[in-house]
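Shown next: final-v5.txt, containing compact mmCIF, N, CA and C atoms.
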# COMPACT_ATOMS: atom_id res chain seq x y z
N MET Q 1 0.86 -1.17 0.00
CA MET Q 1 0.00 0.00 0.00
C MET Q 1 0.90 1.22 0.00
N GLY Q 2 0.65 2.16 -0.91
CA GLY Q 2 1.44 3.38 -0.98
C GLY Q 2 1.19 4.28 0.20
N CYS Q 3 2.10 5.24 0.42
CA CYS Q 3 1.98 6.09 1.60
C CYS Q 3 0.77 7.02 1.53
N ASN Q 4 0.20 7.26 0.34
CA ASN Q 4 -0.97 8.13 0.23
C ASN Q 4 -2.28 7.35 0.20
N GLN Q 5 -2.22 6.04 0.26
CA GLN Q 5 -3.44 5.24 0.23
C GLN Q 5 -3.91 4.96 1.64
N ARG Q 6 -5.24 4.91 1.82
CA ARG Q 6 -5.81 4.62 3.12
C ARG Q 6 -6.22 3.16 3.15
N PRO Q 7 -6.10 2.50 4.30
CA PRO Q 7 -6.59 1.13 4.40
C PRO Q 7 -8.10 1.11 4.19
N PRO Q 8 -8.67 -0.04 3.82
CA PRO Q 8 -10.10 -0.10 3.51
C PRO Q 8 -11.01 0.14 4.70
N GLY Q 9 -10.53 -0.01 5.90
CA GLY Q 9 -11.39 0.21 7.05
C GLY Q 9 -10.77 -0.34 8.32
N ASP Q 10 -11.55 -0.40 9.36
CA ASP Q 10 -11.12 -0.90 10.65
C ASP Q 10 -12.27 -1.74 11.20
N ALA Q 11 -11.99 -2.54 12.23
CA ALA Q 11 -13.03 -3.42 12.76
C ALA Q 11 -12.83 -3.68 14.25
N ALA Q 12 -13.91 -4.11 14.89
CA ALA Q 12 -13.91 -4.54 16.29
C ALA Q 12 -14.81 -5.76 16.39
N PHE Q 13 -14.73 -6.48 17.52
CA PHE Q 13 -15.45 -7.74 17.65
C PHE Q 13 -16.13 -7.83 19.00
N ASP Q 14 -17.39 -8.32 18.99
CA ASP Q 14 -18.14 -8.60 20.21
C ASP Q 14 -18.23 -10.12 20.34
N GLU Q 15 -17.46 -10.68 21.25
CA GLU Q 15 -17.44 -12.13 21.42
C GLU Q 15 -18.78 -12.70 21.87
N ASP Q 16 -19.50 -11.97 22.73
CA ASP Q 16 -20.76 -12.47 23.28
C ASP Q 16 -21.82 -12.73 22.20
N THR Q 17 -21.87 -11.85 21.20
CA THR Q 17 -22.90 -11.99 20.16
C THR Q 17 -22.33 -12.45 18.82
N SER Q 18 -21.01 -12.66 18.77
CA SER Q 18 -20.33 -13.04 17.51
C SER Q 18 -20.57 -12.00 16.42
N ARG Q 19 -20.52 -10.73 16.79
CA ARG Q 19 -20.71 -9.66 15.82
C ARG Q 19 -19.38 -8.95 15.56
N VAL Q 20 -19.13 -8.73 14.27
CA VAL Q 20 -17.98 -7.96 13.83
C VAL Q 20 -18.50 -6.59 13.42
N PHE Q 21 -17.83 -5.54 13.86
CA PHE Q 21 -18.21 -4.17 13.53
C PHE Q 21 -17.14 -3.62 12.60
N ILE Q 22 -17.55 -3.26 11.39
CA ILE Q 22 -16.62 -2.84 10.37
C ILE Q 22 -16.90 -1.39 10.00
N GLY Q 23 -15.87 -0.58 10.03
CA GLY Q 23 -16.00 0.79 9.56
C GLY Q 23 -15.51 0.87 8.14
N THR Q 24 -16.28 1.50 7.26
CA THR Q 24 -15.91 1.60 5.85
C THR Q 24 -15.73 3.07 5.46
N HIS Q 25 -14.96 3.28 4.40
CA HIS Q 25 -14.71 4.64 3.91
C HIS Q 25 -15.74 5.07 2.87
N THR Q 26 -16.08 4.17 1.94
CA THR Q 26 -16.99 4.52 0.85
C THR Q 26 -18.03 3.43 0.68
N PRO Q 27 -19.23 3.65 1.09
CA PRO Q 27 -19.71 4.84 1.79
C PRO Q 27 -19.25 4.80 3.25
N PRO Q 28 -19.24 5.94 3.94
CA PRO Q 28 -18.86 5.94 5.35
C PRO Q 28 -19.95 5.30 6.21
N GLU Q 29 -19.71 4.04 6.60
CA GLU Q 29 -20.70 3.29 7.38
C GLU Q 29 -20.03 2.44 8.44
N MET Q 30 -20.83 2.10 9.47
CA MET Q 30 -20.48 1.06 10.42
C MET Q 30 -21.40 -0.10 10.07
N ILE Q 31 -20.80 -1.23 9.73
CA ILE Q 31 -21.57 -2.42 9.38
C ILE Q 31 -21.43 -3.42 10.51
N ALA Q 32 -22.54 -3.93 11.02
CA ALA Q 32 -22.53 -5.03 11.99
C ALA Q 32 -22.77 -6.31 11.21
N MET Q 33 -21.90 -7.29 11.42
CA MET Q 33 -21.97 -8.53 10.66
C MET Q 33 -21.92 -9.73 11.62
N ASP Q 34 -22.73 -10.73 11.35
CA ASP Q 34 -22.70 -11.99 12.10
C ASP Q 34 -21.45 -12.75 11.65
N SER Q 35 -20.53 -12.98 12.55
CA SER Q 35 -19.27 -13.61 12.16
C SER Q 35 -19.43 -15.09 11.82
N LYS Q 36 -20.52 -15.70 12.24
CA LYS Q 36 -20.74 -17.12 11.95
C LYS Q 36 -21.36 -17.32 10.57
N SER Q 37 -22.34 -16.49 10.22
CA SER Q 37 -23.04 -16.65 8.94
C SER Q 37 -22.50 -15.72 7.85
N GLY Q 38 -21.84 -14.64 8.24
CA GLY Q 38 -21.39 -13.65 7.28
C GLY Q 38 -22.47 -12.66 6.89
N LYS Q 39 -23.66 -12.78 7.49
CA LYS Q 39 -24.79 -11.90 7.17
C LYS Q 39 -24.57 -10.51 7.78
N GLU Q 40 -24.81 -9.48 6.96
CA GLU Q 40 -24.78 -8.11 7.45
C GLU Q 40 -26.12 -7.83 8.12
N VAL Q 41 -26.09 -7.43 9.40
CA VAL Q 41 -27.33 -7.24 10.15
C VAL Q 41 -27.69 -5.77 10.37
N ALA Q 42 -26.73 -4.87 10.19
CA ALA Q 42 -27.02 -3.45 10.38
C ALA Q 42 -26.01 -2.60 9.61
N HIS Q 43 -26.50 -1.46 9.12
CA HIS Q 43 -25.67 -0.44 8.46
C HIS Q 43 -26.05 0.90 9.07
N LEU Q 44 -25.06 1.62 9.59
CA LEU Q 44 -25.32 2.95 10.14
C LEU Q 44 -24.28 3.92 9.60
N PRO Q 45 -24.66 5.19 9.38
CA PRO Q 45 -23.69 6.17 8.88
C PRO Q 45 -22.61 6.45 9.92
N THR Q 46 -21.40 6.73 9.43
CA THR Q 46 -20.27 7.10 10.29
C THR Q 46 -19.68 8.41 9.81
N PRO Q 47 -18.73 8.95 10.58
CA PRO Q 47 -18.06 10.16 10.11
C PRO Q 47 -17.27 9.88 8.83
N ASP Q 48 -17.12 10.92 8.01
CA ASP Q 48 -16.26 10.80 6.84
C ASP Q 48 -14.82 10.58 7.30
N ASN Q 49 -14.05 9.95 6.43
CA ASN Q 49 -12.65 9.62 6.72
C ASN Q 49 -12.51 8.81 8.00
N MET Q 50 -13.34 7.78 8.11
CA MET Q 50 -13.33 6.88 9.27
C MET Q 50 -11.90 6.43 9.55
N ASP Q 51 -11.55 6.40 10.84
CA ASP Q 51 -10.18 6.07 11.20
C ASP Q 51 -10.07 5.01 12.28
N GLY Q 52 -11.12 4.74 13.03
CA GLY Q 52 -11.00 3.75 14.09
C GLY Q 52 -12.36 3.24 14.54
N VAL Q 53 -12.39 1.96 14.94
CA VAL Q 53 -13.61 1.32 15.43
C VAL Q 53 -13.25 0.60 16.74
N TYR Q 54 -14.03 0.86 17.78
CA TYR Q 54 -13.81 0.19 19.06
C TYR Q 54 -15.14 -0.28 19.62
N PHE Q 55 -15.07 -1.38 20.38
CA PHE Q 55 -16.27 -1.92 21.03
C PHE Q 55 -16.06 -1.90 22.53
N ASP Q 56 -17.00 -1.29 23.24
CA ASP Q 56 -17.03 -1.24 24.70
C ASP Q 56 -17.95 -2.37 25.15
N ALA Q 57 -17.37 -3.50 25.53
CA ALA Q 57 -18.16 -4.68 25.89
C ALA Q 57 -19.03 -4.46 27.11
N GLY Q 58 -18.57 -3.68 28.07
CA GLY Q 58 -19.35 -3.43 29.28
C GLY Q 58 -20.63 -2.67 29.02
N ARG Q 59 -20.59 -1.69 28.14
CA ARG Q 59 -21.76 -0.88 27.81
C ARG Q 59 -22.46 -1.34 26.54
N LYS Q 60 -21.85 -2.29 25.83
CA LYS Q 60 -22.38 -2.76 24.54
C LYS Q 60 -22.50 -1.59 23.56
N ARG Q 61 -21.40 -0.85 23.41
CA ARG Q 61 -21.37 0.31 22.53
C ARG Q 61 -20.22 0.19 21.54
N VAL Q 62 -20.50 0.64 20.32
CA VAL Q 62 -19.50 0.71 19.27
C VAL Q 62 -19.18 2.18 19.04
N SER Q 63 -17.90 2.51 18.92
CA SER Q 63 -17.48 3.88 18.63
C SER Q 63 -16.68 3.89 17.35
N VAL Q 64 -16.94 4.88 16.52
CA VAL Q 64 -16.23 5.04 15.26
C VAL Q 64 -15.80 6.50 15.16
N SER Q 65 -14.52 6.72 14.91
CA SER Q 65 -14.01 8.09 14.78
C SER Q 65 -13.69 8.40 13.33
N GLY Q 66 -13.66 9.68 13.03
CA GLY Q 66 -13.30 10.12 11.69
C GLY Q 66 -13.02 11.61 11.67
N GLY Q 67 -12.47 12.05 10.56
CA GLY Q 67 -12.21 13.46 10.40
C GLY Q 67 -10.80 13.77 9.94
N ARG Q 68 -9.97 12.76 9.80
CA ARG Q 68 -8.61 13.00 9.33
C ARG Q 68 -8.69 13.74 7.99
N ASP Q 69 -7.89 14.79 7.85
CA ASP Q 69 -7.83 15.60 6.64
C ASP Q 69 -9.10 16.41 6.38
N LEU Q 70 -9.97 16.55 7.36
CA LEU Q 70 -11.18 17.35 7.21
C LEU Q 70 -11.15 18.53 8.19
N THR Q 71 -12.03 19.51 7.98
CA THR Q 71 -12.05 20.67 8.88
C THR Q 71 -12.74 20.37 10.20
N ALA Q 72 -13.48 19.25 10.29
CA ALA Q 72 -14.14 18.86 11.54
C ALA Q 72 -14.01 17.35 11.71
N GLY Q 73 -13.75 16.94 12.92
CA GLY Q 73 -13.69 15.51 13.25
C GLY Q 73 -14.86 15.14 14.14
N PHE Q 74 -15.22 13.86 14.10
CA PHE Q 74 -16.32 13.39 14.92
C PHE Q 74 -16.03 11.99 15.43
N ALA Q 75 -16.67 11.64 16.54
CA ALA Q 75 -16.74 10.26 17.01
C ALA Q 75 -18.23 9.95 17.14
N TYR Q 76 -18.67 8.90 16.47
CA TYR Q 76 -20.05 8.46 16.56
C TYR Q 76 -20.10 7.27 17.51
N VAL Q 77 -21.14 7.23 18.33
CA VAL Q 77 -21.31 6.15 19.30
C VAL Q 77 -22.66 5.48 19.03
N TYR Q 78 -22.64 4.15 18.96
CA TYR Q 78 -23.83 3.35 18.67
C TYR Q 78 -24.09 2.42 19.85
N GLN Q 79 -25.35 2.34 20.24
CA GLN Q 79 -25.75 1.43 21.32
C GLN Q 79 -26.28 0.15 20.71
N GLN Q 80 -25.77 -0.98 21.18
CA GLN Q 80 -26.27 -2.28 20.74
C GLN Q 80 -27.51 -2.60 21.56
N LYS Q 81 -28.66 -2.68 20.89
CA LYS Q 81 -29.91 -3.03 21.56
C LYS Q 81 -30.01 -4.54 21.75
N ASP Q 82 -29.65 -5.26 20.71
CA ASP Q 82 -29.48 -6.71 20.73
C ASP Q 82 -28.52 -7.02 19.59
N ALA Q 83 -28.24 -8.26 19.35
CA ALA Q 83 -27.21 -8.63 18.38
C ALA Q 83 -27.43 -8.04 16.98
N ASP Q 84 -28.68 -7.78 16.62
CA ASP Q 84 -28.97 -7.31 15.26
C ASP Q 84 -29.51 -5.89 15.18
N HIS Q 85 -29.58 -5.17 16.31
CA HIS Q 85 -30.18 -3.85 16.31
C HIS Q 85 -29.29 -2.85 17.07
N TYR Q 86 -29.07 -1.69 16.42
CA TYR Q 86 -28.17 -0.66 16.94
C TYR Q 86 -28.79 0.70 16.69
N GLU Q 87 -28.46 1.65 17.56
CA GLU Q 87 -28.91 3.02 17.32
C GLU Q 87 -27.78 3.98 17.62
N THR Q 88 -27.75 5.07 16.87
CA THR Q 88 -26.76 6.12 17.09
C THR Q 88 -27.19 6.90 18.33
N ILE Q 89 -26.32 6.95 19.34
CA ILE Q 89 -26.68 7.66 20.56
C ILE Q 89 -25.87 8.94 20.76
N ALA Q 90 -24.79 9.12 19.99
CA ALA Q 90 -24.00 10.34 20.12
C ALA Q 90 -23.21 10.60 18.86
N LYS Q 91 -23.08 11.89 18.54
CA LYS Q 91 -22.18 12.37 17.49
C LYS Q 91 -21.36 13.46 18.15
N ILE Q 92 -20.16 13.11 18.54
CA ILE Q 92 -19.31 14.00 19.33
C ILE Q 92 -18.34 14.72 18.39
N ARG Q 93 -18.42 16.03 18.39
CA ARG Q 93 -17.49 16.82 17.56
C ARG Q 93 -16.13 16.82 18.26
N THR Q 94 -15.10 16.50 17.51
CA THR Q 94 -13.74 16.51 18.07
C THR Q 94 -13.04 17.77 17.54
N ARG Q 95 -12.04 17.61 16.68
CA ARG Q 95 -11.36 18.75 16.06
C ARG Q 95 -11.02 18.41 14.63
N GLY Q 96 -10.84 19.44 13.83
CA GLY Q 96 -10.42 19.23 12.46
C GLY Q 96 -9.15 18.39 12.39
N GLY Q 97 -9.15 17.41 11.51
CA GLY Q 97 -7.98 16.54 11.34
C GLY Q 97 -7.90 15.41 12.34
N ALA Q 98 -8.67 15.47 13.42
CA ALA Q 98 -8.63 14.41 14.44
C ALA Q 98 -9.29 13.17 13.87
N GLY Q 99 -8.69 12.04 14.10
CA GLY Q 99 -9.28 10.84 13.55
C GLY Q 99 -9.06 9.62 14.42
N THR Q 100 -7.83 9.40 14.81
CA THR Q 100 -7.51 8.17 15.53
C THR Q 100 -8.16 8.15 16.90
N LEU Q 101 -8.94 7.12 17.14
CA LEU Q 101 -9.66 6.93 18.41
C LEU Q 101 -9.11 5.71 19.11
N PHE Q 102 -8.98 5.80 20.42
CA PHE Q 102 -8.58 4.64 21.22
C PHE Q 102 -9.51 4.57 22.43
N TRP Q 103 -10.05 3.39 22.70
CA TRP Q 103 -10.90 3.15 23.87
C TRP Q 103 -10.09 2.39 24.90
N SER Q 104 -10.03 2.91 26.14
CA SER Q 104 -9.35 2.23 27.24
C SER Q 104 -10.40 1.79 28.25
N PRO Q 105 -10.75 0.48 28.27
CA PRO Q 105 -11.73 0.04 29.27
C PRO Q 105 -11.21 0.19 30.70
N GLU Q 106 -9.91 0.05 30.89
CA GLU Q 106 -9.33 0.19 32.24
C GLU Q 106 -9.48 1.61 32.78
N LEU Q 107 -9.31 2.60 31.91
CA LEU Q 107 -9.43 3.99 32.33
C LEU Q 107 -10.82 4.58 32.07
N ASN Q 108 -11.66 3.82 31.38
CA ASN Q 108 -13.03 4.24 31.08
C ASN Q 108 -13.05 5.57 30.33
N ARG Q 109 -12.17 5.66 29.32
CA ARG Q 109 -12.04 6.89 28.55
C ARG Q 109 -11.79 6.58 27.07
N TYR Q 110 -12.24 7.52 26.23
CA TYR Q 110 -11.91 7.54 24.81
C TYR Q 110 -10.83 8.58 24.62
N TYR Q 111 -9.86 8.29 23.79
CA TYR Q 111 -8.78 9.22 23.47
C TYR Q 111 -8.76 9.43 21.96
N VAL Q 112 -8.72 10.69 21.55
CA VAL Q 112 -8.70 11.03 20.13
C VAL Q 112 -7.47 11.89 19.87
N ALA Q 113 -6.65 11.48 18.90
CA ALA Q 113 -5.45 12.23 18.54
C ALA Q 113 -5.85 13.38 17.63
N ALA Q 114 -5.40 14.60 17.97
CA ALA Q 114 -5.71 15.79 17.19
C ALA Q 114 -4.41 16.45 16.74
N PRO Q 115 -4.24 16.66 15.45
CA PRO Q 115 -3.01 17.29 14.96
C PRO Q 115 -3.00 18.80 15.23
N ALA Q 116 -1.82 19.38 15.14
CA ALA Q 116 -1.70 20.83 15.27
C ALA Q 116 -2.34 21.50 14.07
N SER Q 117 -2.83 22.70 14.29
CA SER Q 117 -3.38 23.51 13.20
C SER Q 117 -2.87 24.94 13.40
N ASP Q 118 -3.27 25.85 12.54
CA ASP Q 118 -2.85 27.23 12.70
C ASP Q 118 -3.52 27.88 13.92
N LYS Q 119 -4.54 27.22 14.49
CA LYS Q 119 -5.26 27.77 15.64
C LYS Q 119 -4.98 27.03 16.95
N GLU Q 120 -4.56 25.75 16.86
CA GLU Q 120 -4.40 24.94 18.08
C GLU Q 120 -3.17 24.05 17.98
N GLU Q 121 -2.60 23.75 19.14
CA GLU Q 121 -1.48 22.81 19.20
C GLU Q 121 -2.01 21.39 19.09
N ALA Q 122 -1.14 20.48 18.72
CA ALA Q 122 -1.50 19.05 18.70
C ALA Q 122 -1.87 18.63 20.12
N GLY Q 123 -2.74 17.63 20.21
CA GLY Q 123 -3.13 17.18 21.54
C GLY Q 123 -3.88 15.87 21.51
N ILE Q 124 -4.10 15.35 22.68
CA ILE Q 124 -4.92 14.15 22.87
C ILE Q 124 -6.20 14.62 23.56
N LEU Q 125 -7.33 14.44 22.88
CA LEU Q 125 -8.62 14.82 23.43
C LEU Q 125 -9.16 13.64 24.24
N VAL Q 126 -9.69 13.90 25.41
CA VAL Q 126 -10.14 12.84 26.32
C VAL Q 126 -11.65 12.99 26.54
N TYR Q 127 -12.36 11.87 26.39
CA TYR Q 127 -13.82 11.85 26.56
C TYR Q 127 -14.21 10.70 27.49
N ALA Q 128 -15.14 10.99 28.38
CA ALA Q 128 -15.68 9.97 29.28
C ALA Q 128 -17.06 9.56 28.75
N PRO Q 129 -17.36 8.27 28.71
CA PRO Q 129 -18.68 7.84 28.24
C PRO Q 129 -19.77 8.29 29.21
N GLN Q 130 -20.93 8.59 28.66
CA GLN Q 130 -22.09 8.95 29.47
C GLN Q 130 -22.97 7.71 29.62
N ASP Q 131 -23.25 7.33 30.85
CA ASP Q 131 -24.09 6.17 31.08
C ASP Q 131 -25.56 6.53 31.09

Rewrite the structure from the file as structure tokens, please.
Amino acid sequence: MGCNQRPPGDAAFDEDTSRVFIGTHTPPEMIAMDSKSGKEVAHLPTPDNMDGVYFDAGRKRVSVSGGRDLTAGFAYVYQQKDADHYETIAKIRTRGGAGTLFWSPELNRYYVAAPASDKEEAGILVYAPQD
């Protein structure tokens, strides 16, 4: 893969329900797939320039970040209602260019990497989930 090419997406896994969560670039979606049958069970919109997918097993939530190379970044959060049903519960504005998301279950925090801009220094944005 060349240095200017983006990988096709990112994924996370829910062992309890055997669901794979895949973030795609074109179209920007989070796809929930049954890992046993290969059946796609849900499609939800995600931020443009998707960069990371994480699953919070304790809360049964999927998070997808995006915004790299854009003027605004976002993290979308989806609640798993059951193995085949999900709803968007948050669209969190981050910063322009921010994309990489990391979920730390031990610290109960989301971390988003934000590059420097002409208005702000580079930084790590920290978010706590709302129960």

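Among the candidates Q:Asp118, Q:Trp103, Q:Ala75, Q:Met30, the one nearest to Ala90 of chain Q when counting all atoms listed in the file is Q:Ala75.
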
Find the residues around segment 47-50 of chain Q up to 5 Å (all atoms listed in the file counted), leave out those fewer than 3 positions away in its own chain, and share them as a list in words. Ser65, Gly66 and Gly67 of chain Q

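Taking only N, CA and C atoms, the non-local environment of segment 52-54 of chain Q within 7 Å (same-chain residues fewer than 2 positions away omitted) comprises Gly9, Asp10, Ala11, Ala12, Phe13, Phe21, Ile22, Gly23, Asn49, Met50, Asp56, Arg61, Val62, Ser63, Val64, Ser65, Gly66, Gly99, Thr100, Leu101, Phe102 and Trp103 of chain Q.
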
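Shortest atom-to-atom contact with Ala98 of chain Q among Q:Ala72, Q:Leu44, Q:Ala122, Q:Val77: Q:Ala72, counting only N, CA and C atoms.
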
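Near Val20 of chain Q, within 9 Å and counting only C-alpha atoms, sit Q:Ala11, Q:Ala12, Q:Phe13, Q:Asp14, Q:Glu15, Q:Ile31, Q:Ala32, Q:Met33, Q:Asp34, Q:Ser35, not including residues fewer than 4 positions from it in the same chain.
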
For Tyr110 of chain Q, the closest of Q:Asp82, Q:Pro129, Q:Ser18, Q:Gly97 counting all atoms listed in the file is Q:Pro129

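Computed from the coordinates, the atom CA of Arg93 of chain Q to atom C of Tyr76 of chain Q distance equals 9.9 Å.
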
Determine which residues of segment 66-108 of chain Q DSSP labels as strand (DSSP E or B) from the backbone of this structure, then write them out as a PyMOL selection string. chain Q and resi 66+74-82+85-93+101-104

Pull out segment 11-23 of chain Q, keep C-alpha atoms, and write it as a short mmCIF file (atom, residue, chain, number, x, y, z; two decimals), in the first residue's frame.
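Contents of the output file out-v5.cif:
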data_model
loop_
_atom_site.label_atom_id
_atom_site.label_comp_id
_atom_site.auth_asym_id
_atom_site.auth_seq_id
_atom_site.Cartn_x
_atom_site.Cartn_y
_atom_site.Cartn_z
CA ALA Q 11 -13.03 -3.42 12.76
CA ALA Q 12 -13.91 -4.54 16.29
CA PHE Q 13 -15.45 -7.74 17.65
CA ASP Q 14 -18.14 -8.60 20.21
CA GLU Q 15 -17.44 -12.13 21.42
CA ASP Q 16 -20.76 -12.47 23.28
CA THR Q 17 -22.90 -11.99 20.16
CA SER Q 18 -20.33 -13.04 17.51
CA ARG Q 19 -20.71 -9.66 15.82
CA VAL Q 20 -17.98 -7.96 13.83
CA PHE Q 21 -18.21 -4.17 13.53
CA ILE Q 22 -16.62 -2.84 10.37
CA GLY Q 23 -16.00 0.79 9.56
#
